[in-house]
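Visitor: Next comes final_22.pdb, PDB, C-alpha atoms:
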```pdb
ATOM      1  CA  ARG A   9     111.218 102.207  94.638
ATOM      2  CA  TYR A  10     108.699 105.073  94.539
ATOM      3  CA  ASP A  11     105.069 105.236  95.618
ATOM      4  CA  GLY A  12     103.682 107.156  92.645
ATOM      5  CA  GLN A  13     104.241 109.897  90.124
ATOM      6  CA  ILE A  14     102.853 113.246  88.977
ATOM      7  CA  ASN A  15     102.803 113.988  85.256
ATOM      8  CA  TYR A  16     102.736 117.323  83.466
ATOM      9  CA  ALA A  17     101.851 116.730  79.805
ATOM     10  CA  GLN A  18     102.354 119.146  76.921
ATOM     11  CA  PHE A  19     101.318 118.596  73.318
ATOM     12  CA  TYR A  20     102.783 120.616  70.490
ATOM     13  CA  GLU A  21     102.896 120.368  66.693
ATOM     14  CA  ARG A  22      99.839 118.122  66.748
ATOM     15  CA  PRO A  23      98.342 117.627  63.245
ATOM     16  CA  TYR A  24      94.732 118.561  62.688
ATOM     17  CA  ASP A  25      94.255 115.295  60.800
ATOM     18  CA  THR A  26      95.823 112.552  62.899
ATOM     19  CA  GLN A  27      95.230 110.069  60.063
ATOM     20  CA  ASP A  28      97.512 111.946  57.687
ATOM     21  CA  PRO A  29     100.962 110.259  57.799
ATOM     22  CA  ASN A  30     102.463 113.252  56.002
ATOM     23  CA  GLY A  31     101.096 115.779  58.481
ATOM     24  CA  PRO A  32     103.175 117.864  60.901
ATOM     25  CA  LEU A  33     105.303 116.141  63.525
ATOM     26  CA  LYS A  34     103.399 114.838  66.522
ATOM     27  CA  ARG A  35     105.519 115.825  69.491
ATOM     28  CA  ASP A  36     104.576 115.277  73.093
ATOM     29  CA  GLY A  37     106.441 116.428  76.160
ATOM     30  CA  THR A  38     105.933 115.006  79.662
ATOM     31  CA  VAL A  39     107.558 116.107  82.909
ATOM     32  CA  VAL A  40     107.498 113.386  85.573
ATOM     33  CA  ILE A  41     107.880 113.900  89.320
ATOM     34  CA  PHE A  42     108.035 110.722  91.390
ATOM     35  CA  PHE A  43     106.810 110.864  94.975
ATOM     36  CA  LYS A  44     107.551 108.768  98.028
ATOM     37  CA  ALA A  45     106.190 108.553 101.583
ATOM     38  CA  TYR A  46     108.452 109.610 104.447
ATOM     39  CA  GLU A  47     107.405 109.407 108.105
ATOM     40  CA  ASP A  48     109.613 112.282 109.226
ATOM     41  CA  VAL A  49     108.165 115.077 107.050
ATOM     42  CA  LEU A  50     105.161 117.365 107.400
ATOM     43  CA  PRO A  51     102.430 116.979 104.750
ATOM     44  CA  ASP A  52     102.934 119.040 101.597
ATOM     45  CA  PRO A  53     100.186 121.732 101.798
ATOM     46  CA  PHE A  54      99.773 121.976  98.023
ATOM     47  CA  MET A  55      99.244 118.220  97.747
ATOM     48  CA  ASP A  56      96.637 118.511 100.518
ATOM     49  CA  LYS A  57      94.935 121.267  98.504
ATOM     50  CA  MET A  58      94.782 118.992  95.444
ATOM     51  CA  ILE A  59      93.529 116.035  97.514
ATOM     52  CA  CYS A  60      90.632 118.186  98.774
ATOM     53  CA  GLN A  61      89.682 118.990  95.166
ATOM     54  CA  PHE A  62      89.904 115.318  94.172
ATOM     55  CA  ARG A  63      87.613 114.427  97.087
ATOM     56  CA  LYS A  64      85.154 117.139  96.070
ATOM     57  CA  THR A  65      84.974 115.750  92.517
ATOM     58  CA  GLU A  66      84.672 112.240  93.936
ATOM     59  CA  ASP A  67      81.665 113.273  96.026
ATOM     60  CA  GLU A  68      79.997 115.017  93.048
ATOM     61  CA  VAL A  69      80.307 111.814  91.008
ATOM     62  CA  ARG A  70      78.924 109.718  93.871
ATOM     63  CA  GLU A  71      76.029 112.149  94.368
ATOM     64  CA  ASN A  72      75.089 111.982  90.660
ATOM     65  CA  CYS A  73      75.135 108.208  90.945
ATOM     66  CA  GLY A  74      72.945 108.212  94.081
ATOM     67  CA  LEU A  75      75.771 106.844  96.214
ATOM     68  CA  PRO A  76      76.560 107.981  99.777
ATOM     69  CA  SER A  77      79.618 110.070 100.530
ATOM     70  CA  VAL A  78      82.891 108.434 101.445
ATOM     71  CA  SER A  79      82.722 107.885 105.200
ATOM     72  CA  THR A  80      86.405 108.503 105.972
ATOM     73  CA  PRO A  81      87.261 112.204 106.430
ATOM     74  CA  TYR A  82      90.572 113.769 105.436
ATOM     75  CA  PRO A  83      92.236 116.385 107.681
ATOM     76  CA  GLY A  84      91.634 119.930 106.430
ATOM     77  CA  CYS A  85      89.127 118.996 103.689
ATOM     78  CA  TRP A  86      85.404 119.708 103.732
ATOM     79  CA  ASN A  87      83.711 116.591 105.027
ATOM     80  CA  HIS A  88      80.862 115.611 102.710
ATOM     81  CA  GLN A  89      78.266 113.453 104.462
ATOM     82  CA  ARG A  90      75.328 112.192 102.418
ATOM     83  CA  ARG A  91      72.978 109.284 102.705
ATOM     84  CA  GLY A  92      71.348 108.937  99.318
ATOM     85  CA  ARG A  93      71.000 112.236  97.457
ATOM     86  CA  ARG A  94      70.589 114.646 100.352
ATOM     87  CA  LEU A  95      73.807 116.522 100.980
ATOM     88  CA  ARG A  96      74.834 117.398 104.516
ATOM     89  CA  ARG A  97      78.093 119.232 105.037
ATOM     90  CA  THR A  98      80.012 119.314 108.285
ATOM     91  CA  ALA A  99      83.352 120.675 109.354
ATOM     92  CA  ASN A 100      86.171 118.169 109.608
ATOM     93  CA  THR A 101      87.627 118.594 113.100
ATOM     94  CA  THR A 102      90.282 115.926 112.661
ATOM     95  CA  GLN A 103      93.703 117.282 113.547
ATOM     96  CA  VAL A 104      95.413 118.531 110.425
ATOM     97  CA  TYR A 105      98.786 117.105 111.481
ATOM     98  CA  PRO A 106      97.915 114.298 113.929
ATOM     99  CA  ASP A 107     101.005 112.198 113.268
ATOM    100  CA  MET A 108     103.299 115.106 114.116
ATOM    101  CA  ASN A 109     101.569 115.844 117.495
ATOM    102  CA  HIS A 110     100.490 119.238 116.228
ATOM    103  CA  PRO A 111      98.211 121.139 118.695
ATOM    104  CA  TRP A 112      95.573 122.233 116.142
ATOM    105  CA  THR A 113      92.200 120.636 116.858
ATOM    106  CA  SER A 114      90.121 122.063 114.024
ATOM    107  CA  VAL A 115      90.328 124.123 110.878
ATOM    108  CA  ASN A 116      88.730 127.406 109.888
ATOM    109  CA  MET A 117      85.124 127.020 108.721
ATOM    110  CA  THR A 118      85.667 129.227 105.640
ATOM    111  CA  HIS A 119      84.934 127.309 102.440
ATOM    112  CA  ALA A 120      85.676 128.521  98.907
ATOM    113  CA  LYS A 121      86.102 127.035  95.458
ATOM    114  CA  LEU A 122      89.467 126.385  93.879
ATOM    115  CA  HIS A 123      90.270 129.101  91.407
ATOM    116  CA  SER A 124      92.886 129.003  88.669
ATOM    117  CA  ALA A 125      94.998 132.150  88.508
ATOM    118  CA  ASP A 126      95.928 133.278  85.008
ATOM    119  CA  HIS A 127      99.454 134.594  85.126
ATOM    120  CA  PRO A 128     100.223 137.580  82.858
ATOM    121  CA  LYS A 129     102.519 137.120  79.887
ATOM    122  CA  ASP A 130     105.186 139.221  81.578
ATOM    123  CA  PHE A 131     105.135 137.000  84.687
ATOM    124  CA  ASP A 132     108.599 137.175  86.287
ATOM    125  CA  PHE A 133     109.378 133.523  86.998
ATOM    126  CA  ASP A 134     112.868 134.257  88.359
ATOM    127  CA  LYS A 135     111.396 136.619  90.937
ATOM    128  CA  PHE A 136     108.737 134.025  91.771
ATOM    129  CA  ILE A 137     111.446 131.425  92.467
ATOM    130  CA  GLU A 138     113.327 133.910  94.660
ATOM    131  CA  GLU A 139     110.155 134.412  96.693
ATOM    132  CA  GLN A 140     109.705 130.645  97.067
ATOM    133  CA  ILE A 141     113.301 130.269  98.249
ATOM    134  CA  ALA A 142     112.820 133.070 100.766
ATOM    135  CA  MET A 143     109.654 131.437 102.174
ATOM    136  CA  GLY A 144     111.373 128.066 102.583
ATOM    137  CA  GLY A 145     109.533 124.763 102.664
ATOM    138  CA  GLY A 146     109.228 122.424  99.721
ATOM    139  CA  ASN A 147     110.147 118.762  99.355
ATOM    140  CA  GLY A 148     109.952 117.615 102.935
ATOM    141  CA  ASN A 149     111.421 120.827 104.362
ATOM    142  CA  TRP A 150     108.116 122.265 105.582
ATOM    143  CA  THR A 151     108.167 123.822 109.055
ATOM    144  CA  LEU A 152     105.343 125.002 111.265
ATOM    145  CA  ASP A 153     106.377 128.645 110.858
ATOM    146  CA  HIS A 154     105.851 128.542 107.074
ATOM    147  CA  PRO A 155     103.075 130.962 105.916
ATOM    148  CA  TRP A 156     101.075 128.084 104.452
ATOM    149  CA  LEU A 157     101.090 126.260 107.795
ATOM    150  CA  ASP A 158     100.096 129.263 109.888
ATOM    151  CA  PRO A 159      97.134 128.125 112.082
ATOM    152  CA  GLU A 160      95.672 131.648 112.097
ATOM    153  CA  ARG A 161      95.310 131.587 108.301
ATOM    154  CA  HIS A 162      94.371 127.941 107.821
ATOM    155  CA  LEU A 163      91.214 127.685 105.677
ATOM    156  CA  ILE A 164      89.072 124.677 104.875
ATOM    157  CA  ASP A 165      90.164 122.852 101.694
ATOM    158  CA  TYR A 166      93.516 124.643 102.052
ATOM    159  CA  GLU A 167      92.163 127.749 100.331
ATOM    160  CA  HIS A 168      94.921 129.776 101.984
ATOM    161  CA  VAL A 169      97.487 127.911  99.836
ATOM    162  CA  PRO A 170      97.959 129.816  96.534
ATOM    163  CA  TRP A 171      97.164 128.008  93.316
ATOM    164  CA  HIS A 172      99.941 127.674  90.752
ATOM    165  CA  ALA A 173      99.746 125.211  87.866
ATOM    166  CA  TYR A 174     103.409 124.241  88.281
ATOM    167  CA  GLN A 175     103.589 124.254  92.072
ATOM    168  CA  PHE A 176     104.712 120.622  92.233
ATOM    169  CA  LEU A 177     107.679 121.504  90.019
ATOM    170  CA  VAL A 178     108.489 124.278  92.470
ATOM    171  CA  ASN A 179     108.032 122.090  95.547
ATOM    172  CA  VAL A 180     110.386 119.368  94.307
ATOM    173  CA  ARG A 181     113.199 121.979  94.560
ATOM    174  CA  THR A 182     115.433 120.794  91.728
ATOM    175  CA  GLU A 183     115.997 121.848  88.130
ATOM    176  CA  TYR A 184     117.896 118.741  87.072
ATOM    177  CA  TYR A 185     116.323 115.805  85.286
ATOM    178  CA  PHE A 186     116.776 112.690  83.183
ATOM    179  CA  ARG A 187     115.607 113.108  79.600
ATOM    180  CA  VAL A 188     114.465 110.150  77.541
ATOM    181  CA  ARG A 189     112.523 109.662  74.327
ATOM    182  CA  THR A 190     109.960 106.883  74.277
ATOM    183  CA  SER A 191     106.344 106.059  73.446
ATOM    184  CA  GLN A 192     103.225 107.485  75.054
ATOM    185  CA  THR A 193     102.095 105.719  78.224
ATOM    186  CA  VAL A 194      98.436 105.493  77.192
ATOM    187  CA  PRO A 195      96.876 103.695  74.204
ATOM    188  CA  PRO A 196      97.594 103.734  71.307
ATOM    189  CA  CYS A 197     101.114 104.241  72.770
ATOM    190  CA  GLN A 198     102.253 105.913  69.584
ATOM    191  CA  THR A 199     105.650 107.493  69.200
ATOM    192  CA  GLY A 200     105.134 109.791  66.214
ATOM    193  CA  ARG A 201     108.249 110.623  64.218
ATOM    194  CA  ASP A 202     110.029 112.300  67.104
ATOM    195  CA  GLY A 203     108.687 110.314  70.049
ATOM    196  CA  ASN A 204     107.405 111.425  73.414
ATOM    197  CA  HIS A 205     110.026 113.402  75.298
ATOM    198  CA  TYR A 206     110.088 112.672  79.033
ATOM    199  CA  ARG A 207     111.875 114.745  81.617
ATOM    200  CA  VAL A 208     112.047 112.841  84.903
ATOM    201  CA  MET A 209     113.057 115.112  87.784
ATOM    202  CA  LYS A 210     116.171 114.008  89.660
ATOM    203  CA  ASP A 211     114.583 114.034  93.114
ATOM    204  CA  PRO A 212     111.273 112.496  94.197
ATOM    205  CA  LEU A 213     108.749 114.658  96.044
ATOM    206  CA  ARG A 214     108.696 113.723  99.733
ATOM    207  CA  LEU A 215     105.141 113.362 101.023
ATOM    208  CA  HIS A 216     103.603 112.349 104.330
ATOM    209  CA  PRO A 217     102.293 108.729 104.357
ATOM    210  CA  ARG A 218      98.703 109.920 104.938
ATOM    211  CA  GLN A 219      98.856 111.847 101.636
ATOM    212  CA  VAL A 220     100.112 108.863  99.657
ATOM    213  CA  ALA A 221      97.490 106.655 101.338
ATOM    214  CA  GLU A 222      94.681 109.025 100.317
ATOM    215  CA  VAL A 223      95.876 109.204  96.709
ATOM    216  CA  GLU A 224      95.967 105.395  96.707
ATOM    217  CA  ARG A 225      92.400 105.268  98.049
ATOM    218  CA  LEU A 226      91.124 107.762  95.473
ATOM    219  CA  LEU A 227      92.504 105.600  92.663
ATOM    220  CA  ALA A 228      91.337 102.302  94.180
ATOM    221  CA  GLU A 229      87.768 103.508  94.893
ATOM    222  CA  ARG A 230      87.251 105.519  91.709
ATOM    223  CA  ILE A 231      83.659 105.519  90.432
ATOM    224  CA  ALA A 232      83.018 106.038  86.709
ATOM    225  CA  PRO A 233      80.952 109.250  86.144
ATOM    226  CA  VAL A 234      77.443 109.254  84.685
ATOM    227  CA  GLY A 235      77.538 109.144  80.897
ATOM    228  CA  THR A 236      80.730 107.107  80.662
ATOM    229  CA  ARG A 237      81.372 103.427  80.156
ATOM    230  CA  ASN A 238      80.735 101.420  83.323
ATOM    231  CA  ALA A 239      78.971 104.447  84.824
ATOM    232  CA  CYS A 240      78.462 104.479  88.603
ATOM    233  CA  ASN A 241      80.576 101.376  89.140
ATOM    234  CA  ARG A 242      84.090 100.866  90.414
ATOM    235  CA  ASP A 243      86.336 101.663  87.478
ATOM    236  CA  THR A 244      90.090 101.189  87.714
ATOM    237  CA  ALA A 245      92.586  99.315  85.579
ATOM    238  CA  GLY A 246      94.877  98.834  88.559
ATOM    239  CA  VAL A 247      95.787  95.578  90.272
ATOM    240  CA  PRO A 248      94.817  95.389  93.980
ATOM    241  CA  MET A 249      97.709  95.816  96.413
ATOM    242  CA  GLN A 250      98.298  96.883 100.009
ATOM    243  CA  GLY A 251      98.720 100.623 100.458
ATOM    244  CA  VAL A 252     101.455 102.431 102.381
ATOM    245  CA  LYS A 253      99.285 102.481 105.528
ATOM    246  CA  GLY A 254      97.484  99.200 104.871
ATOM    247  CA  GLY A 255      94.474 100.795 103.177
ATOM    248  CA  PRO A 256      92.948 100.124  99.733
ATOM    249  CA  ALA A 257      95.289 100.660  96.808
ATOM    250  CA  VAL A 258      95.840  99.526  93.247
ATOM    251  CA  ARG A 259      99.056  99.147  91.299
ATOM    252  CA  VAL A 260      98.772 101.226  88.135
ATOM    253  CA  ALA A 261     102.447 101.293  87.109
ATOM    254  CA  ARG A 262     103.468  99.804  83.786
ATOM    255  CA  PRO A 263     105.951  96.895  83.815
ATOM    256  CA  ILE A 264     109.597  97.936  83.577
ATOM    257  CA  GLN A 265     110.576  98.200  79.929
ATOM    258  CA  LYS A 266     113.921  97.435  78.358
ATOM    259  CA  TYR A 267     116.131 100.355  77.450
ATOM    260  CA  THR A 268     117.154 100.760  73.800
ATOM    261  CA  PHE A 269     119.503 103.208  72.119
ATOM    262  CA  HIS A 270     116.462 104.812  70.438
ATOM    263  CA  ALA A 271     115.507 106.264  73.818
ATOM    264  CA  LYS A 272     118.511 108.637  73.786
ATOM    265  CA  MET A 273     118.641 108.982  77.557
ATOM    266  CA  THR A 274     120.521 112.007  78.926
ATOM    267  CA  PHE A 275     121.095 113.320  82.439
ATOM    268  CA  CYS A 276     120.891 117.111  82.540
ATOM    269  CA  GLU A 277     122.679 118.289  85.694
ATOM    270  CA  CYS A 278     125.299 120.588  87.238
ATOM    271  CA  LYS A 279     127.647 120.515  84.258
ATOM    272  CA  ASP A 280     124.939 121.804  81.957
ATOM    273  CA  TRP A 281     123.765 124.909  83.844
ATOM    274  CA  PRO A 282     123.771 126.381  87.376
ATOM    275  CA  SER A 283     120.493 125.832  89.205
ATOM    276  CA  LYS A 284     118.472 128.568  90.874
ATOM    277  CA  TRP A 285     117.803 126.285  93.845
ATOM    278  CA  PRO A 286     120.354 126.403  96.695
ATOM    279  CA  GLU A 287     119.718 122.681  97.346
ATOM    280  CA  ASP A 288     120.899 121.868  93.822
ATOM    281  CA  ARG A 289     123.986 124.041  94.154
ATOM    282  CA  GLU A 290     124.972 122.279  97.372
ATOM    283  CA  TRP A 291     124.439 118.894  95.723
ATOM    284  CA  CYS A 292     126.699 119.930  92.850
ATOM    285  CA  LYS A 293     129.570 120.425  95.312
ATOM    286  CA  ILE A 294     129.490 116.764  96.395
ATOM    287  CA  GLY A 295     132.510 114.819  95.229
ATOM    288  CA  ALA A 296     134.458 117.891  94.208
ATOM    289  CA  THR A 297     137.300 117.126  96.654
ATOM    290  CA  ASN A 298     137.692 113.336  96.518
ATOM    291  CA  ASP A 299     138.971 110.754  94.084
ATOM    292  CA  ILE A 300     135.582 109.306  93.143
ATOM    293  CA  GLY A 301     134.081 112.616  92.031
ATOM    294  CA  ASP A 302     130.725 112.297  90.287
ATOM    295  CA  PHE A 303     130.248 108.705  91.451
ATOM    296  CA  GLU A 304     129.468 109.940  94.948
ATOM    297  CA  ARG A 305     126.741 112.250  93.652
ATOM    298  CA  TYR A 306     125.303 109.730  91.229
ATOM    299  CA  TYR A 307     125.271 106.646  93.434
ATOM    300  CA  GLU A 308     125.867 107.447  97.114
ATOM    301  CA  ARG A 309     123.998 110.773  97.395
ATOM    302  CA  PRO A 310     121.724 111.021  94.349
ATOM    303  CA  TYR A 311     119.198 113.395  95.948
ATOM    304  CA  ASN A 312     119.376 116.875  97.412
ATOM    305  CA  TYR A 313     118.453 115.329 100.768
ATOM    306  CA  ASP A 314     119.665 112.340 102.757
ATOM    307  CA  ASN A 315     117.258 109.501 102.010
ATOM    308  CA  GLY A 316     119.086 107.028 104.268
ATOM    309  CA  GLU A 317     119.380 104.521 101.424
ATOM    310  CA  LYS A 318     122.894 105.137 100.123
ATOM    311  CA  LEU A 319     124.367 102.663  97.653
ATOM    312  CA  THR A 320     127.917 101.953  98.817
ATOM    313  CA  ILE A 321     130.426 101.879  95.993
ATOM    314  CA  ASN A 322     134.001 100.594  95.915
ATOM    315  CA  ARG A 323     136.230 103.419  97.176
ATOM    316  CA  ALA A 324     139.494 101.711  96.211
ATOM    317  CA  PRO A 325     141.966 103.822  94.186
ATOM    318  CA  MET A 326     141.350 103.965  90.446
ATOM    319  CA  SER A 327     144.478 101.863  89.893
ATOM    320  CA  ASP A 328     143.161  99.043  92.105
ATOM    321  CA  PRO A 329     141.754  96.196  89.906
ATOM    322  CA  THR A 330     139.083  95.443  92.548
ATOM    323  CA  ARG A 331     137.192  98.495  91.330
ATOM    324  CA  LEU A 332     136.114  96.337  88.397
ATOM    325  CA  GLY A 333     134.613  93.758  90.754
TER
END
```
Kindly return the structure encoded in the file as structure tokens.
Guide:
Amino acid sequence: RYDGQINYAQFYERPYDTQDPNGPLKRDGTVVIFFKAYEDVLPDPFMDKMICQFRKTEDEVRENCGLPSVSTPYPGCWNHQRRGRRLRRTANTTQVYPDMNHPWTSVNMTHAKLHSADHPKDFDFDKFIEEQIAMGGGNGNWTLDHPWLDPERHLIDYEHVPWHAYQFLVNVRTEYYFRVRTSQTVPPCQTGRDGNHYRVMKDPLRLHPRQVAEVERLLAERIAPVGTRNACNRDTAGVPMQGVKGGPAVRVARPIQKYTFHAKMTFCECKDWPSKWPEDREWCKIGATNDIGDFERYYERPYNYDNGEKLTINRAPMSDPTRLG
């Protein structure tokens, strides 16, 4: 159903001695944002910023292994071109938004390193959200007049896009999520006494197909760094598959697991608290004036946007026995 996912992991109450069964509770928290390719949206500029950093790390690994740079450029990223160990950098003049017929032909030559901004303890998150709402954009709603898409300020590697550790959570534009308790997704897949708490955001992040294709390529062509097992060789646990644009890709998703009552799944939504996002508040109004109520929100219009894949439900009156069919 989705093309991939972004995970934010948090570890708390971790025992110093993991072998001590009587130690403190081992609690893990993971926030999951699914993403999906849509042809009718502009690329998410923050995802492009992250892709440029992934490509930079990829080239550093390949250089340490004596391998040439990846030959395929990515719009807006610094284009590393090496044959052997000699590094030659050139500007990538590929159109940043070719699939949307955008008139830009090149990007600014300025190149800088990604820097992580440390937010002060008194950081006003509510004000930050208000600023994001005022700017617009987010989750497939990007427009060419957004500050991050301004051609006069466009820097190589998307350095004009501010760094924020939780920007993907902001860009998905919803506060509501499904909560479930289950095991960790990586070996040893332990649960601890209180399990791993997952919060899966209600809406997927809408990305341009070229972004999903590049993430697929990065996973499929991953090279193990020097000093690790299988160093300087292809190293992925994924199963080969065809990517969204026909390029290299690997399937890294776990098989679907059966649901048990131990998972304690809960949907946290409109009835629990009012969202700061106007998209959420509009979604909460759906079904308020008809006889099927929440069913329309849950099944026919589950996202804050129209995904064109509505599940039609039986709209017969509640007293009609066909509703059970």
Visitor: Take the PyMOL selection byres ((chain A and resi 84) around 6), run it mentally on this structure, and tell me the resulting residues as a list in words.
Guide: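 On the file shown, the PyMOL selection byres ((chain A and resi 84) around 6) covers Pro83, Cys85, Val104, Ile164 and Asp165 of chain A.
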Visitor: Could you work out how far CA of Arg9 (chain A) lies from CA of Gly254 (chain A), giving the answer in Å with one decimal?
Guide: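 Pair CA of Gly254 (chain A) / CA of Arg9 (chain A) returns 17.4 Å.
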Visitor: I need the residue set behind the PyMOL selection byres ((chain A and resi 59-64) around 12) for this file; please write it as JSON, numbers by chain.
Guide: {"A": [51, 52, 53, 54, 55, 56, 57, 58, 65, 66, 67, 68, 69, 70, 71, 77, 78, 79, 80, 81, 82, 83, 84, 85, 86, 87, 88, 89, 97, 100, 119, 120, 121, 122, 123, 163, 164, 165, 166, 167, 169, 171, 218, 219, 220, 221, 222, 223, 224, 225, 226, 227, 229, 230, 231]}
Visitor: Quick one: pull the distance between CA of Leu157 (chain A) and CA of Asp314 (chain A), Å, one decimal.
Guide: 23.8 Å
Visitor: So what do you get for CA of Gln18 (chain A) versus CA of Phe136 (chain A), distance-wise?
Guide: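 Straight-line distance from CA of Gln18 (chain A) to CA of Phe136 (chain A) works out to 22.0 Å.
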Visitor: I would like the residues chosen by the PyMOL selection byres ((chain A and resi 207) around 10) on the shown file; could you give them as a PyMOL selection string?
Guide: chain A and resi 15-16+37-41+184-189+204-206+208-210+273-276
Visitor: Can you tell me, as a CSV table (one decimal) with C-alpha atoms, in the frame of the given file, what residues are no more than 7 Å from Ala45 (chain A) when counting only C-alpha atoms, ignoring any on the same chain fewer than 6 positions away?
Guide:
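Below you can see out39.csv, which holds the result:
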```
chain,number,residue,atom,x,y,z
A,11,ASP,CA,105.1,105.2,95.6
A,214,ARG,CA,108.7,113.7,99.7
A,215,LEU,CA,105.1,113.4,101.0
A,216,HIS,CA,103.6,112.3,104.3
A,217,PRO,CA,102.3,108.7,104.4
A,220,VAL,CA,100.1,108.9,99.7
```
Visitor: Given only C-alpha atoms as the basis, pick out the residue of A:Glu47, A:Asp153, A:Asp243, A:Glu183 nearest to Arg289 (chain A).
Guide: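 Residue with the minimum atom-to-atom distance to Arg289 (chain A): A:Glu183.
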Visitor: Up to 12 Å from (117.4, 110.8, 98.5) in the file's coordinates: name the residues, counting all atoms listed in the file, as a ChimeraX atom specification.
Guide: /A:9-10,42-46,147-148,180,210-214,291,305-319
Visitor: For region 306-316 of chain A, what centre and edge lengths in Å (one decimal) does the axis-aligned box get once 5 Å is added on each side of all its listed atoms, as AutoDock Vina command-line options?
Guide:
```
--center_x 121.6 --center_y 111.8 --center_z 97.7 --size_x 18.6 --size_y 20.2 --size_z 23.0
```
Visitor: Determine the nearest neighbour of Leu75 (chain A) from the options A:Pro233, A:Gly145, A:Gly12, A:Pro159, counting all atoms listed in the file.
Guide: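 Checking each of A:Pro233, A:Gly145, A:Gly12, A:Pro159 against Leu75 (chain A), counting all atoms listed in the file, the winner is A:Pro233.
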Visitor: Env of Glu290 (chain A): 12 Å cut, atoms = all atoms listed in the file, seq-sep filter 3 positions within chain, self excluded. Answer as a short mmCIF file (atom, residue, chain, number, x, y, z; two decimals) with C-alpha atoms, in the frame of the given file.
Guide:
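And here is the file that came out, selection18.cif:
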```
data_model
loop_
_atom_site.label_atom_id
_atom_site.label_comp_id
_atom_site.auth_asym_id
_atom_site.auth_seq_id
_atom_site.Cartn_x
_atom_site.Cartn_y
_atom_site.Cartn_z
CA THR A 182 115.43 120.79 91.73
CA CYS A 278 125.30 120.59 87.24
CA PRO A 282 123.77 126.38 87.38
CA SER A 283 120.49 125.83 89.20
CA LYS A 284 118.47 128.57 90.87
CA TRP A 285 117.80 126.28 93.84
CA PRO A 286 120.35 126.40 96.70
CA GLU A 287 119.72 122.68 97.35
CA LYS A 293 129.57 120.42 95.31
CA ILE A 294 129.49 116.76 96.40
CA GLY A 295 132.51 114.82 95.23
CA ALA A 296 134.46 117.89 94.21
CA ARG A 305 126.74 112.25 93.65
CA ARG A 309 124.00 110.77 97.40
CA TYR A 311 119.20 113.40 95.95
CA ASN A 312 119.38 116.88 97.41
CA TYR A 313 118.45 115.33 100.77
#
```
